[in-house]
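K.L.:
mmCIF, C-alpha atoms, file work_14.cif:
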data_upload
#
loop_
_atom_site.label_atom_id
_atom_site.label_comp_id
_atom_site.auth_asym_id
_atom_site.auth_seq_id
_atom_site.Cartn_x
_atom_site.Cartn_y
_atom_site.Cartn_z
CA MET Y 23 28.22 -11.47 -0.82
CA THR Y 24 25.63 -14.20 -0.79
CA LEU Y 25 22.06 -13.21 -1.64
CA LEU Y 26 20.13 -16.46 -1.40
CA ARG Y 27 21.28 -19.84 -0.18
CA LEU Y 28 19.39 -22.29 -2.34
CA SER Y 29 20.16 -25.76 -3.62
CA ALA Y 30 21.61 -25.87 -7.11
CA SER Y 31 18.38 -27.19 -8.56
CA VAL Y 32 16.24 -24.39 -7.20
CA VAL Y 33 15.75 -21.24 -9.21
CA ILE Y 34 14.59 -18.13 -7.39
CA LEU Y 35 11.11 -17.09 -8.18
CA VAL Y 36 8.94 -14.37 -9.58
CA THR Y 37 5.31 -13.10 -9.19
CA LEU Y 38 1.86 -13.30 -7.79
CA ALA Y 39 0.64 -11.43 -10.85
CA CYS Y 40 1.80 -12.50 -14.28
CA LYS Y 41 3.14 -9.75 -16.51
CA PRO Y 42 3.75 -10.37 -20.22
CA LEU Y 43 7.14 -9.73 -21.70
CA GLY Y 44 7.28 -6.40 -23.47
CA SER Y 45 9.42 -3.37 -24.20
CA ALA Y 46 11.13 -1.56 -21.35
CA PRO Y 47 9.15 1.37 -19.87
CA PRO Y 48 10.61 4.88 -20.04
CA PRO Y 49 12.52 6.06 -16.95
CA THR Y 50 10.33 7.69 -14.29
CA GLN Y 51 12.74 7.93 -11.35
CA ALA Y 52 15.96 9.89 -11.17
CA ALA Y 53 19.06 8.04 -10.05
CA GLY Y 54 19.31 8.04 -6.28
CA ALA Y 55 15.83 9.54 -5.71
CA SER Y 56 14.07 8.31 -2.56
CA CYS Y 57 10.40 7.46 -2.14
CA GLU Y 58 8.37 7.48 1.06
CA TYR Y 59 5.15 5.51 1.54
CA ILE Y 60 3.53 3.56 4.42
CA GLY Y 61 5.95 5.24 6.83
CA ALA Y 62 9.01 3.79 5.10
CA ARG Y 63 11.66 5.33 2.85
CA PHE Y 64 13.47 3.44 0.08
CA VAL Y 65 15.31 4.01 -3.18
CA PRO Y 66 13.78 2.22 -6.19
CA PRO Y 67 15.94 1.07 -9.09
CA THR Y 68 16.51 3.85 -11.60
CA GLY Y 69 13.77 4.09 -14.22
CA TRP Y 70 11.20 2.03 -12.31
CA THR Y 71 7.62 3.11 -11.71
CA VAL Y 72 6.37 3.31 -8.13
CA LYS Y 73 2.77 3.59 -6.96
CA GLU Y 74 0.65 3.12 -3.87
CA GLU Y 75 -2.30 0.70 -4.10
CA SER Y 76 -4.88 -0.30 -1.48
CA ASP Y 77 -7.23 -2.94 -2.99
CA GLY Y 78 -9.59 -2.16 -0.12
CA GLU Y 79 -7.09 -3.25 2.54
CA PRO Y 80 -6.56 -1.15 5.70
CA LEU Y 81 -2.92 -0.51 4.75
CA SER Y 82 -1.70 0.26 1.26
CA ARG Y 83 0.94 -1.73 -0.55
CA ILE Y 84 3.72 -0.24 -2.64
CA THR Y 85 4.10 -1.62 -6.17
CA LEU Y 86 7.30 -1.21 -8.15
CA SER Y 87 7.80 -2.31 -11.73
CA GLY Y 88 10.66 -2.10 -14.16
CA TRP Y 89 13.52 -3.96 -15.76
CA SER Y 90 16.49 -5.65 -14.16
CA GLY Y 91 18.81 -6.29 -17.06
CA SER Y 92 16.68 -8.05 -19.70
CA HIS Y 93 14.16 -9.35 -17.14
CA GLU Y 94 10.87 -7.69 -16.29
CA VAL Y 95 10.26 -7.43 -12.55
CA LEU Y 96 7.17 -6.71 -10.48
CA ALA Y 97 7.79 -6.01 -6.80
CA SER Y 98 5.51 -5.17 -3.87
CA ILE Y 99 6.17 -3.99 -0.32
CA TYR Y 100 3.60 -4.51 2.44
CA ALA Y 101 3.30 -3.62 6.11
CA ARG Y 102 1.95 -6.47 8.24
CA GLU Y 103 0.97 -6.48 11.90
CA ILE Y 104 2.55 -8.91 14.33
CA LEU Y 105 0.83 -12.28 14.06
CA PRO Y 106 -0.85 -13.14 17.39
CA SER Y 107 -0.47 -16.87 16.67
CA ALA Y 108 3.33 -16.78 17.13
CA GLU Y 109 5.93 -15.57 19.60
CA ARG Y 110 6.99 -11.96 19.08
CA THR Y 111 10.39 -12.79 17.58
CA PRO Y 112 11.43 -12.47 13.92
CA SER Y 113 12.07 -16.20 13.52
CA ASP Y 114 8.72 -17.25 14.99
CA GLN Y 115 6.82 -14.54 13.13
CA ALA Y 116 8.49 -15.55 9.85
CA ARG Y 117 7.63 -19.20 10.39
CA ALA Y 118 3.99 -18.36 11.09
CA TYR Y 119 3.77 -15.96 8.15
CA PHE Y 120 5.16 -18.48 5.67
CA GLN Y 121 2.88 -21.22 7.01
CA LYS Y 122 -0.12 -18.95 6.57
CA PHE Y 123 1.04 -17.90 3.09
CA ARG Y 124 1.59 -21.48 1.94
CA ALA Y 125 -1.81 -22.58 3.24
CA ALA Y 126 -3.54 -19.69 1.44
CA THR Y 127 -1.79 -20.45 -1.87
CA SER Y 128 -1.81 -24.26 -1.78
CA ASP Y 129 -3.90 -24.42 -4.97
CA GLN Y 130 -1.38 -22.44 -7.02
CA PRO Y 131 0.66 -24.26 -9.72
CA TRP Y 132 3.98 -23.34 -8.13
CA THR Y 133 7.04 -25.57 -7.96
CA ASP Y 134 10.41 -25.57 -6.20
CA ILE Y 135 8.93 -23.96 -3.09
CA VAL Y 136 11.63 -23.55 -0.47
CA GLU Y 137 12.10 -21.54 2.71
CA THR Y 138 15.55 -20.04 2.82
CA SER Y 139 17.31 -16.82 3.80
CA PHE Y 140 18.55 -13.66 2.13
CA GLN Y 141 21.87 -12.35 3.38
CA ASP Y 142 23.39 -8.92 2.89
CA ALA Y 143 25.73 -6.59 4.80
CA GLY Y 144 25.64 -8.64 7.97
CA HIS Y 145 21.85 -8.99 7.96
CA THR Y 146 19.90 -12.20 7.45
CA TYR Y 147 16.32 -11.98 6.20
CA PRO Y 148 13.86 -14.90 6.22
CA ALA Y 149 12.74 -15.72 2.68
CA LEU Y 150 10.58 -18.09 0.69
CA ALA Y 151 11.09 -18.84 -3.00
CA TYR Y 152 9.00 -20.51 -5.68
CA ARG Y 153 8.58 -20.61 -9.46
CA GLU Y 154 5.84 -20.99 -12.03
CA ARG Y 155 6.21 -22.01 -15.67
CA MET Y 156 3.62 -20.85 -18.19
CA PRO Y 157 3.61 -22.86 -21.43
CA ALA Y 158 3.21 -21.05 -24.74
CA VAL Y 159 1.96 -22.37 -28.08
CA ILE Y 160 5.62 -22.67 -29.08
CA SER Y 161 7.70 -24.25 -26.31
CA ALA Y 162 10.62 -21.94 -27.05
CA MET Y 163 8.40 -19.07 -25.89
CA ASP Y 164 7.46 -20.62 -22.52
CA VAL Y 165 7.61 -18.00 -19.76
CA GLN Y 166 8.87 -18.60 -16.25
CA GLN Y 167 8.26 -16.53 -13.15
CA ASP Y 168 10.71 -16.77 -10.26
CA THR Y 169 9.45 -15.22 -7.00
CA VAL Y 170 11.16 -14.32 -3.75
CA VAL Y 171 9.16 -13.39 -0.65
CA LEU Y 172 11.51 -11.69 1.79
CA LEU Y 173 10.64 -10.42 5.28
CA VAL Y 174 12.22 -7.30 6.74
CA PHE Y 175 11.94 -6.86 10.52
CA PRO Y 176 12.79 -3.43 12.00
CA THR Y 177 15.78 -3.39 14.34
CA ASP Y 178 13.49 -2.56 17.29
CA PHE Y 179 10.97 -5.31 16.47
CA PRO Y 180 8.48 -5.97 17.99
CA ALA Y 181 8.28 -2.43 19.39
CA GLY Y 182 6.67 -0.92 16.30
CA GLY Y 183 4.20 -3.76 15.87
CA TYR Y 184 4.83 -4.30 12.14
CA PHE Y 185 7.13 -6.18 9.78
CA TYR Y 186 7.51 -5.76 6.01
CA PRO Y 187 7.14 -8.51 3.37
CA PHE Y 188 8.82 -7.83 0.02
CA PHE Y 189 7.57 -9.75 -3.03
CA TRP Y 190 9.99 -9.84 -5.96
CA THR Y 191 8.79 -11.51 -9.19
CA ASP Y 192 11.12 -11.93 -12.14
CA THR Y 193 9.43 -12.75 -15.46
CA HIS Y 194 11.56 -14.15 -18.26
CA LEU Y 195 11.70 -16.78 -20.99
CA ALA Y 196 11.96 -20.23 -19.43
CA SER Y 197 15.05 -20.88 -21.53
CA ALA Y 198 16.85 -17.87 -20.01
CA PRO Y 199 18.81 -18.06 -16.75
CA THR Y 200 17.39 -16.64 -13.53
CA GLY Y 201 17.94 -12.92 -13.17
CA SER Y 202 20.27 -11.17 -10.76
CA LEU Y 203 19.00 -10.12 -7.33
CA ALA Y 204 21.29 -7.09 -7.20
CA ASP Y 205 18.36 -4.66 -7.54
CA LEU Y 206 16.48 -6.42 -4.75
CA GLN Y 207 19.62 -6.26 -2.63
CA ALA Y 208 19.90 -2.50 -3.20
CA LEU Y 209 16.18 -1.94 -2.52
CA VAL Y 210 16.32 -3.80 0.80
CA ALA Y 211 19.54 -2.03 1.80
CA SER Y 212 17.90 1.36 1.19
CA PHE Y 213 14.75 0.54 3.18
CA SER Y 214 14.26 2.37 6.48
CA ILE Y 215 11.27 2.84 8.79
CA LYS Y 216 10.35 6.46 9.54
CA SER Y 217 7.01 6.03 11.30
CA SER Y 218 4.10 3.66 11.83
CA PRO Y 219 2.38 2.75 8.54
CA VAL Y 220 -0.99 3.67 10.09
CA GLY Y 221 -1.93 7.14 8.87
CA ALA Y 222 1.51 7.78 7.39
CA PRO Y 223 1.41 10.38 4.59
CA ALA Y 224 2.40 9.26 1.08
CA LYS Y 225 5.20 11.72 0.36
CA GLY Y 226 5.93 10.14 -3.01
CA CYS Y 227 9.23 9.99 -4.86
CA GLY Y 228 11.97 12.44 -5.73
CA LEU Y 229 12.89 13.08 -2.08
CA SER Y 230 16.40 14.08 -1.21
#
What does the file become when written as structure tokens?
P.N.:
Amino acid sequence: MTLLRLSASVVILVTLACKPLGSAPPPTQAAGASCEYIGARFVPPTGWTVKEESDGEPLSRITLSGWSGSHEVLASIYAREILPSAERTPSDQARAYFQKFRAATSDQPWTDIVETSFQDAGHTYPALAYRERMPAVISAMDVQQDTVVLLVFPTDFPAGGYFYPFFWTDTHLASAPTGSLADLQALVASFSIKSSPVGAPAKGCGLS
């Protein structure tokens, strides 16, 4: 099963917010427990923390944090309205979204930026990847963040009027290999839309 089709020289990326390396947090989610926020249900990786944050925006974002193997990961899920500047198809909306995203972040010190796709279980998701290296006083302790921005479009799109960007940021020592995307694969596979994100109750986690 292929997760990302990237050239051999491109490493998949990690975050918009830099998190320092540290010790693994204690488990907060039972295996297989579902969460429901912004009208969507999903199963976070076991032991990860999940919270709803707004930052003053009309719609909340869902932030997940935890460990994937020895790598620390910060992930976010958003609900975004259809962009009026593009045709109402997933491919055109993805193109417009990534153009807008790249223009808004053009001053960031990111490298290896590439638009690609994420494939799983017969589905293809538009994706964008980039990386950032953060030098330390000792070069052996340089940190690298590999980020994937993946777009999930509901099967009835554009009927619901929204699509869902996933941000997946993997923080690790620059000398270490890029982490597995198996947890991202499982998170996306578990994601389902239950209602419009507007006014949807935050039912939390631990749902059966």
K.L.:
Return as a CSV table (one decimal) with C-alpha atoms, in the frame of the given file the set of residues that the PyMOL selection byres ((chain Y and resi 96) around 6) yields on the displayed structure.
P.N.:
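And here is the file that came out, part08.csv:
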chain,number,residue,atom,x,y,z
Y,86,LEU,CA,7.3,-1.2,-8.2
Y,87,SER,CA,7.8,-2.3,-11.7
Y,95,VAL,CA,10.3,-7.4,-12.6
Y,97,ALA,CA,7.8,-6.0,-6.8
Y,191,THR,CA,8.8,-11.5,-9.2
K.L.:
Counting only C-alpha atoms, what is within 8 Å of segment 61-66 of chain Y, bar same-chain residues fewer than 5 positions away, as a list in words?
P.N.:
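The residues that qualify are Gln51, Gly54, Ala55, Ser56, Val72, Leu86, Ala208, Leu209, Val210, Ser212, Phe213, Ser214, Ile215, Lys216, Ser217, Ser218, Pro219, Val220, Ala222, Pro223 and Ala224 of chain Y.
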K.L.:
What does the structure give for the distance between atom CA of Tyr186 of chain Y and atom CA of Tyr100 of chain Y, in Å to one decimal?
P.N.:
5.4 Å
K.L.:
Please indicate the distance in Å from atom CA of Phe188 of chain Y to atom CA of Thr85 of chain Y, rounded to one decimal place.
P.N.:
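Interatomic distance here is 10.0 Å.
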K.L.:
If the PyMOL selection byres ((chain Y and resi 137) around 6) were run on this exact file, what residues would it hold? Put them as a PyMOL selection string.
P.N.:
chain Y and resi 136+138+149-150
K.L.:
Name the residues that the PyMOL selection byres ((chain Y and resi 134) around 7) picks from the file above, as an MDAnalysis selection string, using the file's chain letters and numbers.
P.N.:
chainID Y and resid 32 133 135:136 152:153
K.L.:
Could you tell me how far atom CA of Thr71 of chain Y lies from atom CA of Gly88 of chain Y, in Å and to one decimal?
P.N.:
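Interatomic distance here is 6.5 Å.
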K.L.:
Near segment 120-131 of chain Y, within 12 Å and counting only C-alpha atoms, which residues show up once chain neighbours fewer than 4 positions away are dropped, as a PyMOL selection string?
P.N.:
chain Y and resi 37-39+105+107-108+112-116+135-138+148-156+166-167+170-173+187
K.L.:
Pick out the closest residue to Phe175 of chain Y from this set: Y:Ile160, Y:Ala101, Y:Ala198, Y:Ala143. Count all atoms listed in the file.
P.N.:
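Selected residue with least distance to Phe175 of chain Y: Y:Ala101.
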K.L.:
Could you pull segment 200-212 of chain Y out of the block above and give me all heavy atoms, as an mmCIF file, in the first residue's frame?
P.N.:
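Result written to out-v2.cif:
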data_model
loop_
_atom_site.group_PDB
_atom_site.id
_atom_site.type_symbol
_atom_site.label_atom_id
_atom_site.label_comp_id
_atom_site.auth_asym_id
_atom_site.auth_seq_id
_atom_site.Cartn_x
_atom_site.Cartn_y
_atom_site.Cartn_z
ATOM 1 N N THR Y 200 12.937 9.575 8.346
ATOM 2 C CA THR Y 200 11.560 10.059 8.427
ATOM 3 C C THR Y 200 10.661 8.989 9.035
ATOM 4 O O THR Y 200 10.826 7.799 8.778
ATOM 5 C CB THR Y 200 11.051 10.403 7.017
ATOM 6 O OG1 THR Y 200 11.931 11.354 6.448
ATOM 7 C CG2 THR Y 200 9.649 10.980 7.075
ATOM 8 N N GLY Y 201 9.703 9.428 9.842
ATOM 9 C CA GLY Y 201 8.835 8.478 10.520
ATOM 10 C C GLY Y 201 7.801 7.847 9.604
ATOM 11 O O GLY Y 201 7.521 8.321 8.501
ATOM 12 N N SER Y 202 7.204 6.784 10.085
ATOM 13 C CA SER Y 202 6.152 6.082 9.352
ATOM 14 C C SER Y 202 4.882 6.930 9.315
ATOM 15 O O SER Y 202 4.602 7.709 10.231
ATOM 16 C CB SER Y 202 5.855 4.746 10.037
ATOM 17 O OG SER Y 202 4.669 4.166 9.533
ATOM 18 N N LEU Y 203 4.102 6.757 8.253
ATOM 19 C CA LEU Y 203 2.808 7.429 8.140
ATOM 20 C C LEU Y 203 1.648 6.481 8.452
ATOM 21 O O LEU Y 203 0.498 6.764 8.123
ATOM 22 C CB LEU Y 203 2.639 8.004 6.737
ATOM 23 C CG LEU Y 203 3.543 9.187 6.392
ATOM 24 C CD1 LEU Y 203 3.324 9.623 4.957
ATOM 25 C CD2 LEU Y 203 3.313 10.343 7.338
ATOM 26 N N ALA Y 204 1.959 5.354 9.095
ATOM 27 C CA ALA Y 204 0.913 4.376 9.383
ATOM 28 C C ALA Y 204 -0.176 4.960 10.273
ATOM 29 O O ALA Y 204 -1.368 4.681 10.082
ATOM 30 C CB ALA Y 204 1.522 3.131 10.032
ATOM 31 N N ASP Y 205 0.198 5.785 11.265
ATOM 32 C CA ASP Y 205 -0.811 6.369 12.147
ATOM 33 C C ASP Y 205 -1.670 7.395 11.410
ATOM 34 O O ASP Y 205 -2.865 7.514 11.675
ATOM 35 C CB ASP Y 205 -0.138 7.012 13.362
ATOM 36 C CG ASP Y 205 0.329 5.979 14.387
ATOM 37 O OD1 ASP Y 205 -0.340 4.939 14.514
ATOM 38 O OD2 ASP Y 205 1.361 6.213 15.036
ATOM 39 N N LEU Y 206 -1.069 8.133 10.492
ATOM 40 C CA LEU Y 206 -1.850 9.053 9.665
ATOM 41 C C LEU Y 206 -2.807 8.266 8.777
ATOM 42 O O LEU Y 206 -3.978 8.629 8.614
ATOM 43 C CB LEU Y 206 -0.928 9.922 8.818
ATOM 44 C CG LEU Y 206 -1.616 10.844 7.795
ATOM 45 C CD1 LEU Y 206 -2.592 11.788 8.466
ATOM 46 C CD2 LEU Y 206 -0.571 11.627 6.996
ATOM 47 N N GLN Y 207 -2.324 7.188 8.210
ATOM 48 C CA GLN Y 207 -3.157 6.322 7.375
ATOM 49 C C GLN Y 207 -4.379 5.840 8.158
ATOM 50 O O GLN Y 207 -5.522 5.913 7.665
ATOM 51 C CB GLN Y 207 -2.347 5.124 6.908
ATOM 52 C CG GLN Y 207 -3.159 4.072 6.166
ATOM 53 C CD GLN Y 207 -2.373 2.782 5.956
ATOM 54 O OE1 GLN Y 207 -1.264 2.624 6.485
ATOM 55 N NE2 GLN Y 207 -2.934 1.879 5.199
ATOM 56 N N ALA Y 208 -4.157 5.374 9.390
ATOM 57 C CA ALA Y 208 -5.256 4.862 10.205
ATOM 58 C C ALA Y 208 -6.221 5.979 10.595
ATOM 59 O O ALA Y 208 -7.447 5.778 10.620
ATOM 60 C CB ALA Y 208 -4.696 4.187 11.457
ATOM 61 N N LEU Y 209 -5.693 7.168 10.898
ATOM 62 C CA LEU Y 209 -6.541 8.293 11.269
ATOM 63 C C LEU Y 209 -7.452 8.695 10.117
ATOM 64 O O LEU Y 209 -8.666 8.887 10.300
ATOM 65 C CB LEU Y 209 -5.659 9.474 11.688
ATOM 66 C CG LEU Y 209 -6.380 10.774 12.075
ATOM 67 C CD1 LEU Y 209 -7.242 10.565 13.312
ATOM 68 C CD2 LEU Y 209 -5.360 11.890 12.319
ATOM 69 N N VAL Y 210 -6.892 8.802 8.922
ATOM 70 C CA VAL Y 210 -7.685 9.173 7.746
ATOM 71 C C VAL Y 210 -8.720 8.092 7.434
ATOM 72 O O VAL Y 210 -9.873 8.391 7.108
ATOM 73 C CB VAL Y 210 -6.767 9.418 6.534
ATOM 74 C CG1 VAL Y 210 -7.582 9.607 5.263
ATOM 75 C CG2 VAL Y 210 -5.888 10.648 6.777
ATOM 76 N N ALA Y 211 -8.322 6.830 7.551
ATOM 77 C CA ALA Y 211 -9.248 5.731 7.263
ATOM 78 C C ALA Y 211 -10.436 5.723 8.221
ATOM 79 O O ALA Y 211 -11.538 5.295 7.861
ATOM 80 C CB ALA Y 211 -8.507 4.401 7.326
ATOM 81 N N SER Y 212 -10.224 6.200 9.458
ATOM 82 C CA SER Y 212 -11.294 6.192 10.461
ATOM 83 C C SER Y 212 -12.198 7.416 10.380
ATOM 84 O O SER Y 212 -13.233 7.465 11.047
ATOM 85 C CB SER Y 212 -10.685 6.138 11.869
ATOM 86 O OG SER Y 212 -10.095 7.392 12.235
#
